[in-house]
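Working notes, beginning with the structure itself.
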Amino acid sequence: MSAPDTEAAGASTVPDGRRRRRPITGSLLVGGLIVSVVLGMALLSFVWTPHDPTLVNALARLRKPSLEYWFGTDKFGRDVFSQILVGSRTTLFVGFVAVGVAALVGVPLGIVAGMAPRWFGEFLMRGNDLLLAFPALLLTIMFAAVYGASTLVAMVAIGIASIPHFARLTRSGTLQVMKTEYVIAARAAGRRPFSIGLRHVLPNVSSLVIVQSSVGFAIAVLAEAALSFLGFGTPPPVPSWGRMLQESQEMLWSAPRLAVFPGIAIAVAVLGFNLLGDGLRDRFDPKLEDRR
């Protein structure tokens with residue numbers, strides 16, 4: 001689901017938390033289950049892994065899956081399953097921070113652009129469009145070239161690149177809320193813009209932000225994996241699914257499992273967050289009630 005799709009959902013806002021919610025859909029159930037599994041793997045990695053994921057053991061190089069090494073070992077003798085577990089922690093950490101940065105900046109920006117005079121809102125959105133012209137991957141490579149490759153650089157760059165999506169979506173929802181009778185009445189009663197934005201606008205666009213956060217998380221997972229694959233993301237020895245793919249390139253014919261396991265992990269995680277975003281959109285968007 002792309003940003004314009006979620007932005008289209010922004011037109012469906014209703015007064016103060018009285019949204020009609022559809023029953024739980026299959027997308028929401030499956031997506032929530034997958035995301036829960038990934039989150040559980042990350043939490044489990046804090047307290048237990050079968051082996052040290054960073055331990056190099058030359059005597060255990062390229063072991064096939066067994067009871068001792070569930071997913072086998074890589075060319076350095078490191079346990080692949082342990083790396084998958086710890087890699088999920090890295091991926092989720094980058095996603096949480098990147099989406100947090102995007103939401104903390106993009107949501108207030110969108111609300112201000114929606115509540116401000118039209119000319120000022122258009123000015124903000126044109127500046128927002130300039131940032132939108134830089135893909136997350138390109139922006140992160142630029143940051144890495146200046147500040148060096150690190151997890152922090154990847155998180156901040158991905159977050160900055162995601163700000164325009166949150167801002168556009170929030171502005172779309174804010175414009176709809178500002179046309180409602182209760183907001184017009186609040187403005188006529190002399191309520192300050194800050195109070196209107198906090199008490200009326202923010203609660204009514206919160207569901208849209210939640211949906212976009214799920215979609216943004218999937219984008220962050222892909223971006224982190226791509227950056228690590230290119231060498232601009234999480235540096236070794238911290239496990240990363242993208243770097244596991246990069247290290248497995250020379251072993252594709254002799255040990256294809258080294259690419260299969262992290263590849264499946266990335267695909268399943270992205271699928272889970274996309275399904276979760278679709279399910280949340282269906283649940284929170286009353287316009288879809290009679291469409292399907």
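Residue numbering restarts at 1 for every chain of the structure tokens, chains are lettered A, B, ... in their displayed order, and ligands are numbered from 1 as they appear.
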task: Run DSSP on the backbone and give me the residues of segment 38-199 of chain A it puts in alpha helix (DSSP H), as a PyMOL selection string.
output: chain A and resi 38-47+80-115+118-132+136-147+151-177+181-188+193-196
Residues of segment 28-111 of chain A that have any atom at most 10 Å from an atom of segment 123-140 of chain A: could you tabulate them with the shortest-distance atom pair and the distance in Å to one decimal, using only C-alpha atoms, ordered by chain and increasing number, as a tab-separated table?
```
residue	atom	partner	partner_atom	distance
A:Gly106	CA	A:Asn128	CA	9.3
A:Leu109	CA	A:Leu124	CA	8.0
A:Gly110	CA	A:Met125	CA	8.4
```
Could those selected residues go to a file with N, CA and C atoms, as a compact mmCIF listing (two decimals), in the first residue's frame?
```
# COMPACT_ATOMS: atom_id res chain seq x y z
N GLY A 106 6.47 14.90 10.91
CA GLY A 106 5.48 14.98 9.85
C GLY A 106 4.07 15.27 10.33
N LEU A 109 3.66 18.94 11.37
CA LEU A 109 3.78 19.74 10.14
C LEU A 109 2.50 19.66 9.32
N GLY A 110 1.93 18.47 9.22
CA GLY A 110 0.69 18.31 8.47
C GLY A 110 -0.48 19.02 9.12
```
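Closest approach to Phe71 of chain A from the set A:Leu280, A:Ile196, A:Val260, A:Leu275 is made by A:Val260, with distances taken over only C-alpha atoms.
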- prompt: For Ser248 of chain A, which residue among A:Val94, A:Val215, A:Leu62, A:Val270 is the nearest when counting only C-alpha atoms?
  reply: A:Leu62
Long-range neighbours of Gly31 of chain A as a compact mmCIF listing (two decimals) with N, CA, C and O atoms, in the first residue's frame, 9 Å cut-off, only C-alpha atoms, 4 positions minimum in chain:
```txt
# COMPACT_ATOMS: atom_id res chain seq x y z
N GLY A 26 -9.12 -10.55 7.66
CA GLY A 26 -8.04 -11.53 7.55
C GLY A 26 -6.69 -10.86 7.45
O GLY A 26 -5.70 -11.36 8.01
N SER A 27 -6.62 -9.74 6.73
CA SER A 27 -5.34 -9.02 6.61
C SER A 27 -4.84 -8.56 7.97
O SER A 27 -3.65 -8.68 8.28
N VAL A 35 3.63 -9.87 12.56
CA VAL A 35 4.36 -8.83 13.28
C VAL A 35 4.63 -9.27 14.72
O VAL A 35 5.71 -9.01 15.27
N SER A 36 3.68 -9.96 15.33
CA SER A 36 3.88 -10.45 16.70
C SER A 36 5.01 -11.47 16.76
O SER A 36 5.80 -11.48 17.71
N LEU A 271 5.85 -8.30 4.43
CA LEU A 271 4.49 -8.76 4.19
C LEU A 271 3.61 -8.53 5.41
O LEU A 271 2.46 -8.07 5.31
N GLY A 272 4.14 -8.86 6.59
CA GLY A 272 3.37 -8.70 7.82
C GLY A 272 2.97 -7.26 8.07
O GLY A 272 1.81 -6.97 8.39
N PHE A 273 3.91 -6.33 7.92
CA PHE A 273 3.59 -4.93 8.18
C PHE A 273 2.67 -4.36 7.10
O PHE A 273 1.80 -3.52 7.41
N ASN A 274 2.80 -4.82 5.86
CA ASN A 274 1.88 -4.36 4.81
C ASN A 274 0.46 -4.88 5.06
O ASN A 274 -0.51 -4.14 4.90
N LEU A 275 0.34 -6.15 5.42
CA LEU A 275 -0.97 -6.71 5.73
C LEU A 275 -1.59 -6.02 6.94
O LEU A 275 -2.79 -5.74 6.97
N LEU A 276 -0.75 -5.73 7.93
CA LEU A 276 -1.24 -5.04 9.11
C LEU A 276 -1.75 -3.64 8.75
O LEU A 276 -2.80 -3.21 9.22
N GLY A 277 -1.01 -2.95 7.88
CA GLY A 277 -1.45 -1.63 7.44
C GLY A 277 -2.75 -1.69 6.67
O GLY A 277 -3.66 -0.87 6.88
N ASP A 278 -2.91 -2.69 5.78
CA ASP A 278 -4.16 -2.85 5.04
C ASP A 278 -5.32 -3.16 5.98
O ASP A 278 -6.42 -2.63 5.82
N GLY A 279 -5.06 -4.03 6.95
CA GLY A 279 -6.11 -4.38 7.89
C GLY A 279 -6.53 -3.21 8.76
O GLY A 279 -7.72 -3.01 9.03
```
- request: Go through A:Met155, A:Ile24, A:Ile84, A:Ile210 one by one, measure the shortest atom-to-atom distance of each to Ile266 of chain A using only C-alpha atoms, and give the residue with the smallest value.
  value: A:Ile84
field: Contact residues around Ala225 of chain A with only C-alpha atoms at 12 Å, ignoring same-chain residues under 6 positions, as a VMD selection string
entry: chain A and resid 87 to 88 90 to 92 94 to 95 137 151 154 to 155 158 218 to 219 231 to 235 239 to 246 262 to 263 265 to 267 269 to 270
Atoms to include: C-alpha atoms. Write the selected residues as a PDB file, in the first residue's frame.
```
ATOM      1  CA  GLY A  87      18.901  -9.318  13.166  1.00  0.00           C
ATOM      2  CA  SER A  88      15.174  -8.976  13.861  1.00  0.00           C
ATOM      3  CA  THR A  90      18.192  -4.527  14.633  1.00  0.00           C
ATOM      4  CA  THR A  91      15.499  -4.303  11.963  1.00  0.00           C
ATOM      5  CA  LEU A  92      12.715  -3.436  14.412  1.00  0.00           C
ATOM      6  CA  VAL A  94      15.657   0.911  13.004  1.00  0.00           C
ATOM      7  CA  GLY A  95      11.973   0.801  12.045  1.00  0.00           C
ATOM      8  CA  LEU A 137      17.843   4.914  -0.046  1.00  0.00           C
ATOM      9  CA  THR A 151      22.783   2.364  12.412  1.00  0.00           C
ATOM     10  CA  ALA A 154      20.378   4.881   8.666  1.00  0.00           C
ATOM     11  CA  MET A 155      17.604   5.490  11.212  1.00  0.00           C
ATOM     12  CA  ILE A 158      15.051   6.824   6.682  1.00  0.00           C
ATOM     13  CA  ALA A 218       7.575  -1.972   6.093  1.00  0.00           C
ATOM     14  CA  ILE A 219       9.431   0.640   4.040  1.00  0.00           C
ATOM     15  CA  GLY A 231      27.383  -1.501   3.187  1.00  0.00           C
ATOM     16  CA  PHE A 232      25.767   1.764   4.299  1.00  0.00           C
ATOM     17  CA  GLY A 233      23.635   0.378   7.120  1.00  0.00           C
ATOM     18  CA  THR A 234      24.362  -1.465  10.340  1.00  0.00           C
ATOM     19  CA  PRO A 235      28.117  -2.155  10.503  1.00  0.00           C
ATOM     20  CA  PRO A 239      23.857  -8.981  12.811  1.00  0.00           C
ATOM     21  CA  SER A 240      21.658  -7.544  10.059  1.00  0.00           C
ATOM     22  CA  TRP A 241      19.447  -9.388   7.582  1.00  0.00           C
ATOM     23  CA  GLY A 242      20.629  -7.200   4.708  1.00  0.00           C
ATOM     24  CA  ARG A 243      24.295  -7.797   5.435  1.00  0.00           C
ATOM     25  CA  MET A 244      23.644 -11.528   5.767  1.00  0.00           C
ATOM     26  CA  LEU A 245      22.367 -11.419   2.173  1.00  0.00           C
ATOM     27  CA  GLN A 246      25.419  -9.476   1.075  1.00  0.00           C
ATOM     28  CA  PRO A 262      17.513 -13.879   5.704  1.00  0.00           C
ATOM     29  CA  GLY A 263      15.639 -13.332   2.423  1.00  0.00           C
ATOM     30  CA  ALA A 265      12.872 -13.137   7.041  1.00  0.00           C
ATOM     31  CA  ILE A 266      12.859  -9.809   5.182  1.00  0.00           C
ATOM     32  CA  ALA A 267       9.995 -10.839   2.882  1.00  0.00           C
ATOM     33  CA  ALA A 269       8.444  -9.058   7.894  1.00  0.00           C
ATOM     34  CA  VAL A 270       7.559  -6.677   5.049  1.00  0.00           C
TER      35      VAL A 270
END
```
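Considering only C-alpha atoms, the residue among A:Val101, A:Val209, A:Leu222, A:Ala185 positioned nearest to Val156 of chain A is A:Val101.
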field: Polymer residues at most 8 Å from His51 of chain A, only C-alpha atoms, same-chain spacing of 4 or more positions, as a PyMOL selection string
entry: chain A and resi 55+79+82
query: atom CA of Glu122 of chain A and atom CA of Ala189 of chain A are how many Å apart?
result: 26.9 Å
